[in-house]
>>> print(open('start.tsv').read())   # TSV, C-alpha atoms
chain	number	residue	atom	x	y	z
A	1	MET	CA	-14.33	2.35	1.88
A	2	THR	CA	-13.08	2.10	5.44
A	3	ALA	CA	-10.48	4.66	6.40
A	4	TYR	CA	-9.94	5.57	2.75
A	5	ALA	CA	-8.34	8.99	3.25
A	6	LEU	CA	-6.39	7.85	6.30
A	7	GLN	CA	-4.90	4.93	4.39
A	8	LYS	CA	-4.16	7.18	1.44
A	9	LEU	CA	-2.20	9.56	3.67
A	10	ILE	CA	-0.22	6.75	5.30
A	11	ARG	CA	0.54	5.26	1.90
A	12	GLU	CA	1.97	8.58	0.69
A	13	VAL	CA	4.16	8.85	3.78
A	14	ASN	CA	5.41	5.32	3.17
A	15	ARG	CA	6.19	5.68	-0.52
A	16	ASP	CA	6.91	9.34	-1.21
A	17	ALA	CA	10.07	10.89	0.26
A	18	SER	CA	8.75	14.45	0.03
A	19	THR	CA	5.47	13.68	1.83
A	20	ARG	CA	7.48	11.72	4.37
A	21	ARG	CA	9.68	14.74	5.14
A	22	GLN	CA	6.62	17.00	5.42
A	23	PHE	CA	4.89	14.54	7.72
A	24	PHE	CA	7.87	14.31	10.03
A	25	GLU	CA	8.11	18.11	10.13
A	26	SER	CA	4.42	18.79	10.58
A	27	PRO	CA	2.00	15.87	10.77
A	28	LEU	CA	-0.91	18.26	11.34
A	29	ALA	CA	-0.20	20.13	8.12
A	30	VAL	CA	-0.17	16.91	6.13
A	31	ALA	CA	-3.27	15.64	7.94
A	32	ALA	CA	-5.10	18.85	7.01
A	33	ARG	CA	-4.80	17.94	3.32
A	34	TYR	CA	-6.86	14.77	3.81
A	35	ASP	CA	-10.52	14.36	4.67
A	36	LEU	CA	-10.01	12.61	8.01
A	37	THR	CA	-12.51	12.14	10.83
A	38	ALA	CA	-11.52	13.58	14.20
A	39	ALA	CA	-10.84	10.07	15.51
A	40	GLU	CA	-8.61	9.29	12.53
A	41	ARG	CA	-6.66	12.53	12.88
A	42	ASP	CA	-6.17	12.04	16.62
A	43	ALA	CA	-4.98	8.44	16.19
A	44	LEU	CA	-2.61	9.51	13.43
A	45	ILE	CA	-1.08	12.42	15.34
A	46	ALA	CA	-0.70	10.29	18.47
A	47	ARG	CA	0.64	7.44	16.32
A	48	ASP	CA	-1.75	5.22	18.26
A	49	TYR	CA	-1.21	1.96	16.36
A	50	ALA	CA	-3.97	0.11	18.22
A	51	ALA	CA	-6.47	2.79	17.20
A	52	LEU	CA	-5.16	3.07	13.63
A	53	TYR	CA	-5.46	-0.70	13.19
A	54	ALA	CA	-8.95	-0.71	14.70
A	55	LEU	CA	-9.93	2.10	12.32
A	56	GLY	CA	-9.14	-0.25	9.45
A	57	VAL	CA	-5.63	0.61	8.29
A	58	HIS	CA	-4.22	-2.36	6.38
A	59	GLY	CA	-1.30	-4.16	8.03
A	60	LEU	CA	0.93	-3.64	5.00
A	61	LEU	CA	0.41	0.11	5.33
A	62	LEU	CA	0.57	0.31	9.10
A	63	ARG	CA	3.63	-1.86	9.74
A	64	PRO	CA	5.85	0.00	7.23
A	65	PHE	CA	4.57	3.31	8.69
A	66	SER	CA	5.54	2.10	12.17
A	67	ILE	CA	8.99	1.05	10.90
A	68	LEU	CA	9.53	4.62	9.67
A	69	HIS	CA	8.84	5.67	13.28
A	70	GLN	CA	11.33	3.15	14.71
A	71	VAL	CA	8.64	1.03	16.37
A	72	SER	CA	9.94	-2.45	17.19
A	73	GLU	CA	8.02	-5.47	15.93
A	74	PRO	CA	7.04	-6.67	19.44
A	75	ASP	CA	5.73	-3.20	20.35
A	76	TYR	CA	3.77	-2.98	17.09
A	77	LEU	CA	2.25	-6.42	17.55
A	78	ARG	CA	1.33	-5.77	21.18
A	79	ALA	CA	-0.47	-2.60	20.05
A	80	ILE	CA	-2.51	-4.13	17.24
A	81	ARG	CA	-3.32	-7.21	19.31
A	82	GLY	CA	-4.53	-5.04	22.19
A	83	GLU	CA	-2.00	-6.55	24.59
A	84	PRO	CA	-0.47	-4.55	27.45
A	85	ARG	CA	2.93	-2.96	26.93
A	86	ALA	CA	5.86	-4.99	28.21
B	1	MET	CA	12.09	-22.33	-27.63
B	2	THR	CA	13.28	-19.22	-25.89
B	3	LEU	CA	11.98	-19.75	-22.41
B	4	ALA	CA	15.47	-19.67	-20.97
B	5	PHE	CA	15.01	-19.66	-17.21
B	6	ALA	CA	12.38	-19.92	-14.48
B	7	CYS	CA	12.54	-19.62	-10.72
B	8	ALA	CA	10.46	-18.71	-7.69
B	9	LEU	CA	11.64	-17.19	-4.44
B	10	GLY	CA	10.47	-15.30	-1.39
B	11	HIS	CA	10.73	-11.53	-1.06
B	12	ALA	CA	10.30	-10.87	2.67
B	13	PRO	CA	11.84	-7.50	3.58
B	14	GLY	CA	13.66	-9.13	6.50
B	15	ILE	CA	15.88	-10.96	3.98
B	16	THR	CA	17.78	-7.71	3.53
B	17	ALA	CA	16.47	-5.29	6.19
B	18	TRP	CA	16.85	-7.65	9.18
B	19	ARG	CA	19.34	-10.01	7.61
B	20	ASP	CA	21.26	-10.73	10.79
B	21	ALA	CA	18.16	-11.37	12.90
B	22	ALA	CA	17.75	-14.78	11.22
B	23	PRO	CA	19.44	-17.86	12.67
B	24	PRO	CA	22.73	-18.11	10.73
B	25	ALA	CA	22.08	-21.65	9.45
B	26	GLN	CA	18.74	-20.63	7.93
B	27	ARG	CA	20.11	-17.43	6.45
B	28	GLU	CA	23.13	-19.18	4.95
B	29	HIS	CA	20.93	-21.92	3.46
B	30	LEU	CA	18.67	-19.37	1.78
B	31	GLU	CA	21.49	-17.10	0.62
B	32	ALA	CA	23.27	-20.09	-0.90
B	33	ALA	CA	20.06	-20.98	-2.77
B	34	PHE	CA	19.67	-17.38	-4.00
B	35	ALA	CA	23.31	-17.43	-5.16
B	36	GLU	CA	22.65	-20.69	-7.00
B	37	LEU	CA	19.63	-19.11	-8.72
B	38	ARG	CA	21.78	-16.16	-9.73
B	39	SER	CA	24.38	-18.48	-11.16
B	40	ARG	CA	21.78	-20.49	-13.12
B	41	LEU	CA	20.26	-17.25	-14.38
B	42	GLY	CA	23.70	-16.09	-15.50
B	43	ARG	CA	24.22	-19.29	-17.48
B	44	ALA	CA	20.76	-19.00	-19.05
B	45	ARG	CA	21.55	-15.44	-20.26
B	46	PRO	CA	17.97	-14.13	-20.38
B	47	ASP	CA	17.41	-10.86	-22.29
B	48	VAL	CA	14.55	-9.97	-19.98
B	49	LEU	CA	12.77	-11.21	-16.86
B	50	ILE	CA	8.99	-11.37	-16.65
B	51	VAL	CA	8.38	-11.04	-12.92
B	52	PHE	CA	5.15	-12.40	-11.42
B	53	THR	CA	5.11	-10.35	-8.28
B	54	ALA	CA	3.10	-8.80	-5.51
B	55	GLU	CA	3.36	-5.34	-4.10
B	56	HIS	CA	2.44	-3.60	-0.91
B	57	TRP	CA	0.47	-0.48	-1.88
B	58	ALA	CA	3.37	1.02	-3.86
B	59	ASN	CA	1.20	1.31	-6.97
B	60	PHE	CA	-2.13	-0.28	-6.26
B	61	PHE	CA	-4.54	1.70	-4.13
B	62	LEU	CA	-8.24	1.78	-3.51
B	63	ASP	CA	-8.66	4.65	-5.96
B	64	HIS	CA	-8.22	2.11	-8.75
B	65	MET	CA	-7.51	-1.60	-8.37
B	66	SER	CA	-6.77	-4.16	-11.07
B	67	PRO	CA	-6.72	-7.92	-10.56
B	68	TYR	CA	-3.30	-7.90	-12.20
B	69	CYS	CA	-1.33	-5.17	-13.87
B	70	ILE	CA	1.52	-5.21	-16.37
B	71	GLY	CA	4.30	-2.65	-16.05
B	72	ARG	CA	5.02	-1.18	-19.49
B	73	ALA	CA	7.44	1.52	-18.31
B	74	ALA	CA	10.84	2.08	-19.92
B	75	SER	CA	12.35	1.91	-16.44
B	76	PHE	CA	11.30	1.30	-12.86
B	77	LYS	CA	12.64	2.97	-9.74
B	78	GLY	CA	12.89	1.18	-6.44
B	79	PRO	CA	12.78	0.32	-3.69
B	80	ILE	CA	10.25	2.73	-2.19
B	81	GLU	CA	11.25	1.65	1.34
B	82	PRO	CA	14.15	3.73	2.73
B	83	TRP	CA	14.74	1.07	5.43
B	84	LEU	CA	15.08	-1.96	3.12
B	85	LYS	CA	18.90	-1.92	2.87
B	86	VAL	CA	18.66	-2.40	-0.88
B	87	GLU	CA	20.30	0.42	-2.79
B	88	GLU	CA	18.00	2.64	-4.85
B	89	ALA	CA	18.21	1.78	-8.51
B	90	SER	CA	16.56	2.31	-11.85
B	91	VAL	CA	15.74	-1.05	-13.43
B	92	PRO	CA	15.23	-1.05	-17.20
B	93	GLY	CA	11.87	-2.17	-18.53
B	94	MET	CA	10.96	-3.58	-21.93
B	95	PRO	CA	7.84	-1.81	-23.25
B	96	PRO	CA	7.67	-3.79	-26.54
B	97	LEU	CA	7.48	-7.11	-24.67
B	98	ALA	CA	4.95	-5.67	-22.21
B	99	SER	CA	2.80	-4.60	-25.19
B	100	GLU	CA	3.20	-8.02	-26.79
B	101	LEU	CA	2.02	-9.70	-23.59
B	102	LEU	CA	-0.96	-7.35	-23.32
B	103	GLN	CA	-1.92	-7.95	-26.94
B	104	ALA	CA	-1.74	-11.72	-26.55
B	105	LEU	CA	-3.69	-11.68	-23.30
B	106	TYR	CA	-6.46	-9.40	-24.61
B	107	GLU	CA	-6.80	-11.60	-27.67
B	108	ARG	CA	-7.41	-14.48	-25.29
B	109	ASP	CA	-10.04	-12.50	-23.33
B	110	ILE	CA	-7.82	-11.89	-20.31
B	111	GLU	CA	-7.57	-8.16	-19.64
B	112	PRO	CA	-4.90	-7.04	-17.18
B	113	GLY	CA	-4.47	-3.43	-16.22
B	114	PHE	CA	-1.36	-1.77	-17.54
B	115	THR	CA	0.72	1.19	-16.56
B	116	ASP	CA	3.61	3.15	-18.02
B	117	GLU	CA	4.71	4.23	-14.53
B	118	MET	CA	5.36	1.76	-11.76
B	119	ALA	CA	7.47	1.90	-8.61
B	120	LEU	CA	9.09	-1.25	-7.29
B	121	ASP	CA	8.98	-2.19	-3.63
B	122	HIS	CA	10.57	-5.07	-1.75
B	123	GLY	CA	8.28	-7.52	-3.59
B	124	THR	CA	10.47	-7.13	-6.67
B	125	MET	CA	13.62	-5.40	-5.40
B	126	VAL	CA	14.61	-8.05	-2.84
B	127	PRO	CA	14.57	-10.86	-5.44
B	128	LEU	CA	16.38	-8.69	-8.01
B	129	HIS	CA	18.99	-7.78	-5.40
B	130	PHE	CA	19.98	-11.47	-5.39
B	131	LEU	CA	19.23	-12.49	-8.99
B	132	THR	CA	20.55	-9.49	-10.92
B	133	PRO	CA	22.38	-7.35	-8.36
B	134	ARG	CA	23.64	-4.95	-11.02
B	135	MET	CA	19.97	-4.29	-11.87
B	136	ASP	CA	20.91	-4.42	-15.53
B	137	VAL	CA	18.57	-7.11	-16.88
B	138	PRO	CA	15.30	-5.56	-18.11
B	139	VAL	CA	12.11	-6.57	-16.34
B	140	VAL	CA	8.43	-6.67	-17.18
B	141	PRO	CA	6.58	-6.85	-13.85
B	142	ILE	CA	3.17	-8.49	-13.69
B	143	VAL	CA	1.72	-7.47	-10.36
B	144	PHE	CA	-1.14	-9.41	-8.77
B	145	ASN	CA	-3.63	-7.79	-6.41
B	146	THR	CA	-3.14	-9.64	-3.16
B	147	LEU	CA	-4.23	-6.67	-1.06
B	148	ALA	CA	-7.92	-5.85	-1.38
B	149	THR	CA	-10.89	-8.10	-2.09
B	150	PRO	CA	-12.14	-9.29	-4.46
B	151	LEU	CA	-8.97	-11.03	-5.57
B	152	PRO	CA	-8.33	-12.82	-8.85
B	153	SER	CA	-8.79	-16.58	-8.58
B	154	PRO	CA	-5.87	-18.99	-8.77
B	155	ARG	CA	-7.58	-20.51	-11.84
B	156	ARG	CA	-7.55	-17.14	-13.58
B	157	CYS	CA	-3.95	-16.40	-12.58
B	158	TYR	CA	-2.96	-19.79	-13.95
B	159	ALA	CA	-4.72	-19.00	-17.25
B	160	LEU	CA	-2.89	-15.68	-17.47
B	161	GLY	CA	0.37	-17.52	-16.88
B	162	GLU	CA	-0.42	-19.97	-19.69
B	163	VAL	CA	-0.61	-17.10	-22.19
B	164	VAL	CA	2.61	-15.58	-20.83
B	165	GLY	CA	4.30	-18.96	-21.31
B	166	GLU	CA	3.08	-19.15	-24.92
B	167	VAL	CA	4.41	-15.67	-25.65
B	168	ALA	CA	7.73	-16.52	-24.02
B	169	ARG	CA	8.16	-19.74	-26.00
B	170	ALA	CA	7.29	-18.02	-29.28
B	171	SER	CA	9.53	-15.04	-28.62
B	172	GLU	CA	12.81	-14.34	-30.37
B	173	ARG	CA	14.12	-13.06	-27.05
B	174	ARG	CA	15.57	-15.24	-24.34
B	175	ILE	CA	12.99	-14.92	-21.60
B	176	GLY	CA	13.35	-15.63	-17.90
B	177	LEU	CA	10.37	-16.03	-15.59
B	178	VAL	CA	10.51	-15.17	-11.91
B	179	ALA	CA	7.73	-15.57	-9.33
B	180	THR	CA	8.18	-13.82	-6.00
B	181	GLY	CA	6.59	-13.80	-2.57
B	182	GLY	CA	4.88	-16.03	-0.10
B	183	MET	CA	4.98	-18.43	1.39
B	184	SER	CA	2.88	-18.56	4.60
B	185	HIS	CA	2.97	-15.26	6.50
B	186	ASP	CA	0.56	-12.66	7.83
B	187	PRO	CA	2.55	-9.44	7.53
B	188	GLY	CA	1.54	-6.52	9.71
B	189	GLU	CA	-1.62	-8.32	10.84
B	190	ARG	CA	-2.47	-9.97	14.13
B	191	GLY	CA	-1.10	-13.32	12.91
B	192	HIS	CA	2.28	-11.74	12.09
B	193	GLY	CA	4.97	-14.29	12.90
B	194	ARG	CA	2.79	-17.35	12.32
B	195	ILE	CA	4.33	-19.72	9.74
B	196	ASP	CA	2.51	-22.80	8.42
B	197	GLU	CA	5.36	-25.07	7.48
B	198	ALA	CA	3.11	-27.98	6.49
B	199	PHE	CA	1.21	-25.77	4.04
B	200	ASP	CA	4.44	-24.38	2.60
B	201	ARG	CA	6.02	-27.79	2.09
B	202	ALA	CA	2.86	-29.17	0.44
B	203	PHE	CA	2.71	-26.18	-1.93
B	204	LEU	CA	6.41	-26.52	-2.81
B	205	GLU	CA	5.81	-30.18	-3.63
B	206	GLU	CA	2.96	-29.26	-5.98
B	207	MET	CA	5.23	-26.77	-7.72
B	208	ARG	CA	8.18	-29.18	-7.80
B	209	THR	CA	6.16	-31.92	-9.48
B	210	GLY	CA	4.18	-29.58	-11.73
B	211	GLN	CA	0.77	-30.58	-10.37
B	212	THR	CA	-1.12	-28.16	-12.57
B	213	ALA	CA	-4.64	-29.39	-11.77
B	214	ARG	CA	-4.00	-29.12	-8.05
B	215	LEU	CA	-2.33	-25.72	-8.31
B	216	LYS	CA	-5.16	-24.08	-10.23
B	217	ALA	CA	-7.76	-25.68	-7.96
B	218	HIS	CA	-6.56	-23.76	-4.90
B	219	THR	CA	-8.93	-21.08	-3.66
B	220	THR	CA	-7.97	-17.68	-2.33
B	221	ALA	CA	-9.62	-18.66	0.97
B	222	GLU	CA	-7.36	-21.69	1.21
B	223	LEU	CA	-4.24	-19.63	0.46
B	224	GLY	CA	-5.34	-16.85	2.81
B	225	ALA	CA	-5.72	-19.34	5.67
B	226	ALA	CA	-1.91	-19.56	5.64
B	227	GLY	CA	-1.84	-15.79	6.26
B	228	ALA	CA	-2.66	-12.79	4.10
B	229	GLY	CA	0.82	-12.90	2.61
B	230	ALA	CA	0.31	-16.44	1.31
B	231	LEU	CA	-1.97	-14.86	-1.30
B	232	GLU	CA	1.24	-13.80	-3.01
B	233	LEU	CA	1.43	-17.40	-4.18
B	234	LEU	CA	-1.02	-16.33	-6.90
B	235	GLY	CA	2.15	-15.25	-8.71
B	236	TRP	CA	3.67	-18.72	-8.27
B	237	ILE	CA	0.46	-20.25	-9.65
B	238	ALA	CA	0.69	-17.97	-12.68
B	239	LEU	CA	4.28	-19.17	-13.14
B	240	ALA	CA	3.01	-22.76	-12.99
B	241	GLY	CA	0.59	-21.83	-15.79
B	242	ALA	CA	3.47	-20.54	-17.88
B	243	LEU	CA	5.47	-23.71	-17.23
B	244	GLY	CA	2.59	-26.03	-18.08
B	245	GLY	CA	3.60	-28.89	-15.80
B	246	ALA	CA	7.37	-28.58	-16.02
B	247	SER	CA	9.04	-30.02	-12.94
B	248	GLY	CA	11.31	-28.09	-10.64
B	249	GLU	CA	13.78	-28.29	-7.85
B	250	VAL	CA	13.44	-26.91	-4.34
B	251	LEU	CA	16.81	-25.34	-3.59
B	252	ALA	CA	15.82	-24.25	-0.10
B	253	TYR	CA	12.92	-23.80	2.25
B	254	GLU	CA	13.21	-22.20	5.66
B	255	PRO	CA	10.53	-21.03	8.09
B	256	VAL	CA	12.37	-17.95	9.34
B	257	VAL	CA	10.69	-16.71	12.52
B	258	PRO	CA	12.56	-13.38	12.81
B	259	TRP	CA	11.52	-12.63	9.23
B	260	ALA	CA	7.99	-13.86	10.07
B	261	THR	CA	7.81	-15.78	6.79
B	262	GLY	CA	8.18	-19.23	5.28
B	263	ILE	CA	10.68	-18.68	2.47
B	264	GLY	CA	11.14	-20.94	-0.53
B	265	ALA	CA	13.59	-20.89	-3.42
B	266	MET	CA	12.91	-22.99	-6.52
B	267	SER	CA	14.35	-23.46	-9.96
B	268	PHE	CA	12.43	-25.06	-12.84
B	269	HIS	CA	13.45	-27.27	-15.75
B	270	VAL	CA	12.62	-25.26	-18.85
B	271	ALA	CA	15.32	-26.22	-21.33
>>> encode(input="start.tsv", output="structure tokens")
Amino acid sequence: MTAYALQKLIREVNRDASTRRQFFESPLAVAARYDLTAAERDALIARDYAALYALGVHGLLLRPFSILHQVSEPDYLRAIRGEPRA
Amino acid sequence: MTLAFACALGHAPGITAWRDAAPPAQREHLEAAFAELRSRLGRARPDVLIVFTAEHWANFFLDHMSPYCIGRAASFKGPIEPWLKVEEASVPGMPPLASELLQALYERDIEPGFTDEMALDHGTMVPLHFLTPRMDVPVVPIVFNTLATPLPSPRRCYALGEVVGEVARASERRIGLVATGGMSHDPGERGHGRIDEAFDRAFLEEMRTGQTARLKAHTTAELGAAGAGALELLGWIALAGALGGASGEVLAYEPVVPWATGIGAMSFHVA
């Protein structure tokens, strides 16, 4: 399944307060617990929403994840639509 | 006859999380409709709400998907979203009714998943925030997979609803039915913000007039064309199955751009 481990990680950050705290403290440590490709890990650590979306992360995982990181809706949509930043 | 109450309403997170982003006239119209539903629910005095709902990866994941899943827990915690502006609560469940529903469905060759542990996200918590703000009326959630293909067909969801309606009518309890979600929206996807008002109004009219043949003849492709989130209307179609052609009343519909969702609120004539 596309981006299975990546989506699983993002889902845990979204729904589990303890994983969320750990991820905000050390995203690399949380990432190390999941079987991610290098491209997935890089996109996750950089919080590159365009890349994460292109890798196959479902919108209902990615948008809540971006909300946790205070990303505005216009910025999120520009990223996943591949539009230039305002 | 103990089907005491039935309604359907949207559950967009913006309703609570970005409340003030909506144009005041739209927000006030919807909040007045939600308040009216709460008041009708109060008069109907249901012992329990069976909630036809959708979720957003709170419980379902690709490690194990069901077409639909019944929550048999003694209580449900929610919401999972810390940003929803709905206070965290523990909502009582009703395991005996959940078991009764499962038994009846399996006897009719419809086999939902079931779970004794389920978290609630905005798909259920936003509607409950308006309908039962004290979170004191027990719920039995029936969650539809609207997230990962293949999806259950509207025809099948309708059939599931028919059995739920039979159980409700035969029950000694006073049962309320609530469908949540929709209408047109494409949350988190490239079409986020697109609302198909014509689709929404046509669907509301089918629900209002109890057009059962039309409702179960929808396809998931047709619903999905109104945005991925419109697949949540599978829960409304299941409610239509439970109501078996009962007519309803549209209390409000608003295409709320800042909430990126067409939002309906309906009540149905069950008494």
>>> closest_residue(input="start.tsv", among="A:Ala43, A:Ala51, A:Leu60, A:Ala5", to="Ala58 of chain B", atoms="only C-alpha atoms")
A:Leu60
>>> residues_around(input="start.tsv", residues="Gly59 of chain A", least_positions_apart="2", cutoff="6 Å", atoms="only C-alpha atoms", output="list in words")
Leu61, Leu62 and Arg63 of chain A; Gly188 and Glu189 of chain B
>>> closest_atom_pairs(input="start.tsv", of="chain A", to="chain B", cutoff="12 Å", atoms="only C-alpha atoms", output="JSON lines")
{"residue": "A:Met1", "atom": "CA", "partner": "B:Leu62", "partner_atom": "CA", "distance": 8.2}
{"residue": "A:Thr2", "atom": "CA", "partner": "B:Leu62", "partner_atom": "CA", "distance": 10.2}
{"residue": "A:Ala3", "atom": "CA", "partner": "B:Leu62", "partner_atom": "CA", "distance": 10.6}
{"residue": "A:Tyr4", "atom": "CA", "partner": "B:Leu62", "partner_atom": "CA", "distance": 7.5}
{"residue": "A:Ala5", "atom": "CA", "partner": "B:Leu62", "partner_atom": "CA", "distance": 9.9}
{"residue": "A:Leu6", "atom": "CA", "partner": "B:Leu62", "partner_atom": "CA", "distance": 11.7}
{"residue": "A:Gln7", "atom": "CA", "partner": "B:Phe61", "partner_atom": "CA", "distance": 9.1}
{"residue": "A:Lys8", "atom": "CA", "partner": "B:Phe61", "partner_atom": "CA", "distance": 7.8}
{"residue": "A:Leu9", "atom": "CA", "partner": "B:Phe61", "partner_atom": "CA", "distance": 11.3}
{"residue": "A:Ile10", "atom": "CA", "partner": "B:Trp57", "partner_atom": "CA", "distance": 10.2}
{"residue": "A:Arg11", "atom": "CA", "partner": "B:Trp57", "partner_atom": "CA", "distance": 6.9}
{"residue": "A:Glu12", "atom": "CA", "partner": "B:Ala58", "partner_atom": "CA", "distance": 8.9}
{"residue": "A:Val13", "atom": "CA", "partner": "B:Glu81", "partner_atom": "CA", "distance": 10.4}
{"residue": "A:Asn14", "atom": "CA", "partner": "B:Glu81", "partner_atom": "CA", "distance": 7.1}
{"residue": "A:Arg15", "atom": "CA", "partner": "B:Ile80", "partner_atom": "CA", "distance": 5.3}
{"residue": "A:Asp16", "atom": "CA", "partner": "B:Ile80", "partner_atom": "CA", "distance": 7.5}
{"residue": "A:Ala17", "atom": "CA", "partner": "B:Ile80", "partner_atom": "CA", "distance": 8.5}
{"residue": "A:Arg20", "atom": "CA", "partner": "B:Pro82", "partner_atom": "CA", "distance": 10.5}
{"residue": "A:Tyr49", "atom": "CA", "partner": "B:Gly188", "partner_atom": "CA", "distance": 11.1}
{"residue": "A:Ala50", "atom": "CA", "partner": "B:Arg190", "partner_atom": "CA", "distance": 11.0}
{"residue": "A:Tyr53", "atom": "CA", "partner": "B:Glu189", "partner_atom": "CA", "distance": 8.9}
{"residue": "A:Ala54", "atom": "CA", "partner": "B:Glu189", "partner_atom": "CA", "distance": 11.2}
{"residue": "A:Gly56", "atom": "CA", "partner": "B:Glu189", "partner_atom": "CA", "distance": 11.1}
{"residue": "A:Val57", "atom": "CA", "partner": "B:Glu189", "partner_atom": "CA", "distance": 10.1}
{"residue": "A:His58", "atom": "CA", "partner": "B:Gly188", "partner_atom": "CA", "distance": 7.8}
{"residue": "A:Gly59", "atom": "CA", "partner": "B:Gly188", "partner_atom": "CA", "distance": 4.1}
{"residue": "A:Leu60", "atom": "CA", "partner": "B:Gly188", "partner_atom": "CA", "distance": 5.6}
{"residue": "A:Leu61", "atom": "CA", "partner": "B:Trp57", "partner_atom": "CA", "distance": 7.2}
{"residue": "A:Leu62", "atom": "CA", "partner": "B:Gly188", "partner_atom": "CA", "distance": 6.9}
{"residue": "A:Arg63", "atom": "CA", "partner": "B:Gly188", "partner_atom": "CA", "distance": 5.1}
{"residue": "A:Pro64", "atom": "CA", "partner": "B:Glu81", "partner_atom": "CA", "distance": 8.2}
{"residue": "A:Phe65", "atom": "CA", "partner": "B:Glu81", "partner_atom": "CA", "distance": 10.1}
{"residue": "A:Ser66", "atom": "CA", "partner": "B:Gly188", "partner_atom": "CA", "distance": 9.8}
{"residue": "A:Ile67", "atom": "CA", "partner": "B:Trp83", "partner_atom": "CA", "distance": 7.9}
{"residue": "A:Leu68", "atom": "CA", "partner": "B:Trp83", "partner_atom": "CA", "distance": 7.6}
{"residue": "A:His69", "atom": "CA", "partner": "B:Trp83", "partner_atom": "CA", "distance": 10.8}
{"residue": "A:Gln70", "atom": "CA", "partner": "B:Trp83", "partner_atom": "CA", "distance": 10.1}
{"residue": "A:Ser72", "atom": "CA", "partner": "B:Trp18", "partner_atom": "CA", "distance": 11.8}
{"residue": "A:Glu73", "atom": "CA", "partner": "B:Gly188", "partner_atom": "CA", "distance": 9.0}
{"residue": "A:Pro74", "atom": "CA", "partner": "B:His192", "partner_atom": "CA", "distance": 10.1}
{"residue": "A:Asp75", "atom": "CA", "partner": "B:Gly188", "partner_atom": "CA", "distance": 11.9}
{"residue": "A:Tyr76", "atom": "CA", "partner": "B:Gly188", "partner_atom": "CA", "distance": 8.5}
{"residue": "A:Leu77", "atom": "CA", "partner": "B:Arg190", "partner_atom": "CA", "distance": 6.8}
{"residue": "A:Arg78", "atom": "CA", "partner": "B:Arg190", "partner_atom": "CA", "distance": 9.0}
{"residue": "A:Ala79", "atom": "CA", "partner": "B:Arg190", "partner_atom": "CA", "distance": 9.7}
{"residue": "A:Ile80", "atom": "CA", "partner": "B:Arg190", "partner_atom": "CA", "distance": 6.6}
{"residue": "A:Arg81", "atom": "CA", "partner": "B:Arg190", "partner_atom": "CA", "distance": 5.9}
{"residue": "A:Gly82", "atom": "CA", "partner": "B:Arg190", "partner_atom": "CA", "distance": 9.7}
{"residue": "A:Glu83", "atom": "CA", "partner": "B:Arg190", "partner_atom": "CA", "distance": 11.0}
>>> atom_distance(input="start.tsv", atom1="atom CA of Ile50 of chain B", atom2="atom CA of Leu177 of chain B")
5.0 Å
>>> residues_around(input="start.tsv", residues="Arg108 of chain B", least_positions_apart="4", cutoff="10 Å", atoms="only C-alpha atoms", output="PDB file with C-alpha atoms, in the frame of the given file")
ATOM      1  CA  LEU B 102      -0.960  -7.350 -23.320  1.00  0.00           C
ATOM      2  CA  GLN B 103      -1.920  -7.950 -26.940  1.00  0.00           C
ATOM      3  CA  ALA B 104      -1.740 -11.720 -26.550  1.00  0.00           C
ATOM      4  CA  ALA B 159      -4.720 -19.000 -17.250  1.00  0.00           C
ATOM      5  CA  LEU B 160      -2.890 -15.680 -17.470  1.00  0.00           C
ATOM      6  CA  VAL B 163      -0.610 -17.100 -22.190  1.00  0.00           C
TER       7      VAL B 163
END
>>> atom_distance(input="start.tsv", atom1="atom CA of Leu105 of chain B", atom2="atom CA of Glu222 of chain B")
26.7 Å
>>> closest_residue(input="start.tsv", among="B:Cys69, B:Val256, B:Ala170, B:Met266", to="Thr53 of chain B", atoms="only C-alpha atoms")
B:Cys69
>>> residues_around(input="start.tsv", residues="Ala22 of chain B", least_positions_apart="6", cutoff="10 Å", atoms="only C-alpha atoms", output="ChimeraX atom specification")
/B:14-15,28,256-260
>>> atom_distance(input="start.tsv", atom1="atom CA of Thr209 of chain B", atom2="atom CA of Ala246 of chain B")
7.4 Å
>>> residues_near_point(input="start.tsv", point="(13.1, -11.6, -17.6)", cutoff="12 Å", atoms="only C-alpha atoms", output="PyMOL selection string")
chain B and resi 2-7+41-42+44-52+91-94+97-98+128+131-132+135-142+164+168+173-179
